[in-house]
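Asks: If you scroll down you'll find the structure; I have some questions about it.
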Amino acid sequence: MAIKLYYTTVTASREVKSQQAEMMRILESKSIKFELIDISVGGEVRDEMRNKAGNLAAVPPQLFNDDQYCGNFELFSEAVEADTVEQFLKMA
């Protein structure tokens with residue numbers, strides 16, 4: 001079981017940067033280990049993220065448990081508010 005966070009190091013969007021940083025901060029604060037996958041290294045990585053998410057317009061950040069889609073920033077935020085992050089990440 002490996003949590004994967006698809007993100008990008010190349011974006012002009014402050015919102016995307018903020019969402020990525022917030023996701024990383026929360027995962028780290030909960031001592032949840034995760035792997036960062038940078039979609040800016042190539043279109044094939046971005047397409048992989050979109051295919052796994054089942055949304056050809058998906059943008060980072062996106063969370064997966066191995067290849068199982070967990071959700072985007074909005075869904076993650078809802079899980080944080082409800083204190084259900086482990087269930088959201090399919091860890092429990």
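Letters A, B, ... mark the chains of the structure tokens in the order given; residue numbers begin at 1 per chain; ligand numbers begin at 1, in order shown.
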Could you name the residues that touch range 22-38 of chain A at 6 Å or less, counting only C-alpha atoms, but leaving out those on the same chain fewer than 6 positions away, as JSON, numbers by chain?
Replies: {"A": [3, 4, 5, 6, 7, 8]}
Asks: Can you measure CA of Leu56 in chain A to CA of Ala79 in chain A for me? One decimal in Å is fine.
Replies: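 That distance, rounded to one decimal, is 23.6 Å.
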Asks: May I ask for the distance between CA of Glu15 in chain A and CA of Glu78 in chain A, given in Å to one decimal place?
Replies: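 CA of Glu78 in chain A lies 17.0 Å from CA of Glu15 in chain A.
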Asks: Compare A:Ile39, A:Glu86, A:Pro60, A:Met91 by their minimum atom-to-atom distance to Ala21 in chain A, counting only C-alpha atoms, and give me the closest one.
Replies: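 With only C-alpha atoms as the atom set, the closest residue is A:Pro60.
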Asks: Would you mind writing down, as an MDAnalysis selection string, each residue of chain A that DSSP on the backbone assigns to alpha helix (DSSP H)?
Replies: chainID A and resid 14:29 43:53 73:81 85:88
Asks: Please produce a file of those selected residues containing C-alpha atoms, as a CSV table (one decimal), in the first residue's frame.
Replies:
chain,number,residue,atom,x,y,z
A,14,ARG,CA,-1.1,30.0,-7.0
A,15,GLU,CA,-4.1,27.9,-6.2
A,16,VAL,CA,-2.5,24.7,-7.4
A,17,LYS,CA,0.7,25.5,-5.5
A,18,SER,CA,-1.2,26.2,-2.3
A,19,GLN,CA,-3.3,23.1,-2.6
A,20,GLN,CA,-0.2,20.9,-3.2
A,21,ALA,CA,1.6,22.4,-0.2
A,22,GLU,CA,-1.5,22.0,2.0
A,23,MET,CA,-1.9,18.3,1.1
A,24,MET,CA,1.8,17.6,1.8
A,25,ARG,CA,1.6,19.5,5.1
A,26,ILE,CA,-1.4,17.6,6.3
A,27,LEU,CA,-0.1,14.2,5.2
A,28,GLU,CA,3.2,14.9,7.0
A,29,SER,CA,1.5,16.1,10.1
A,43,GLY,CA,2.9,14.3,-20.8
A,44,GLU,CA,2.9,10.6,-20.3
A,45,VAL,CA,2.9,11.0,-16.5
A,46,ARG,CA,0.1,13.6,-16.7
A,47,ASP,CA,-1.9,11.2,-18.9
A,48,GLU,CA,-1.3,8.4,-16.5
A,49,MET,CA,-2.7,10.5,-13.6
A,50,ARG,CA,-5.7,11.4,-15.6
A,51,ASN,CA,-6.4,7.9,-16.8
A,52,LYS,CA,-6.1,6.5,-13.2
A,53,ALA,CA,-8.4,9.3,-12.0
A,73,PHE,CA,-7.9,18.5,-3.1
A,74,GLU,CA,-11.6,19.3,-2.5
A,75,LEU,CA,-12.4,15.7,-1.6
A,76,PHE,CA,-9.2,15.6,0.6
A,77,SER,CA,-10.2,18.8,2.4
A,78,GLU,CA,-13.7,17.3,3.1
A,79,ALA,CA,-12.0,14.2,4.6
A,80,VAL,CA,-9.7,16.4,6.8
A,81,GLU,CA,-12.7,18.3,8.1
A,85,VAL,CA,-8.3,11.0,6.1
A,86,GLU,CA,-7.3,7.3,6.6
A,87,GLN,CA,-10.6,6.1,5.2
A,88,PHE,CA,-10.3,8.6,2.3
Asks: Got a sec to tell me which of chain A DSSP assigns to strand (DSSP E), as a list in words?
Replies: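 Filtering chain A to strand (DSSP E) leaves Ile3, Lys4, Leu5, Tyr6, Tyr7, Phe34, Glu35, Leu36, Ile37, Asp38, Gln62, Leu63, Phe64, Asn65, Gln68, Tyr69, Cys70, Gly71 and Asn72 of chain A.
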Asks: Would you mind reading off the distance between CA of Asp66 in chain A and CA of Ala2 in chain A, one decimal, in Å?
Replies: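 Distance between the two atoms: 5.1 Å.
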Asks: Would you list the contacts of Lys90 in chain A as an NGL selection string, taking every protein, DNA or RNA residue within 9 Å and counting only C-alpha atoms, but skipping same-chain residues closer than 6 positions in sequence?
Replies: :A and (64-65 or 68 or 70)
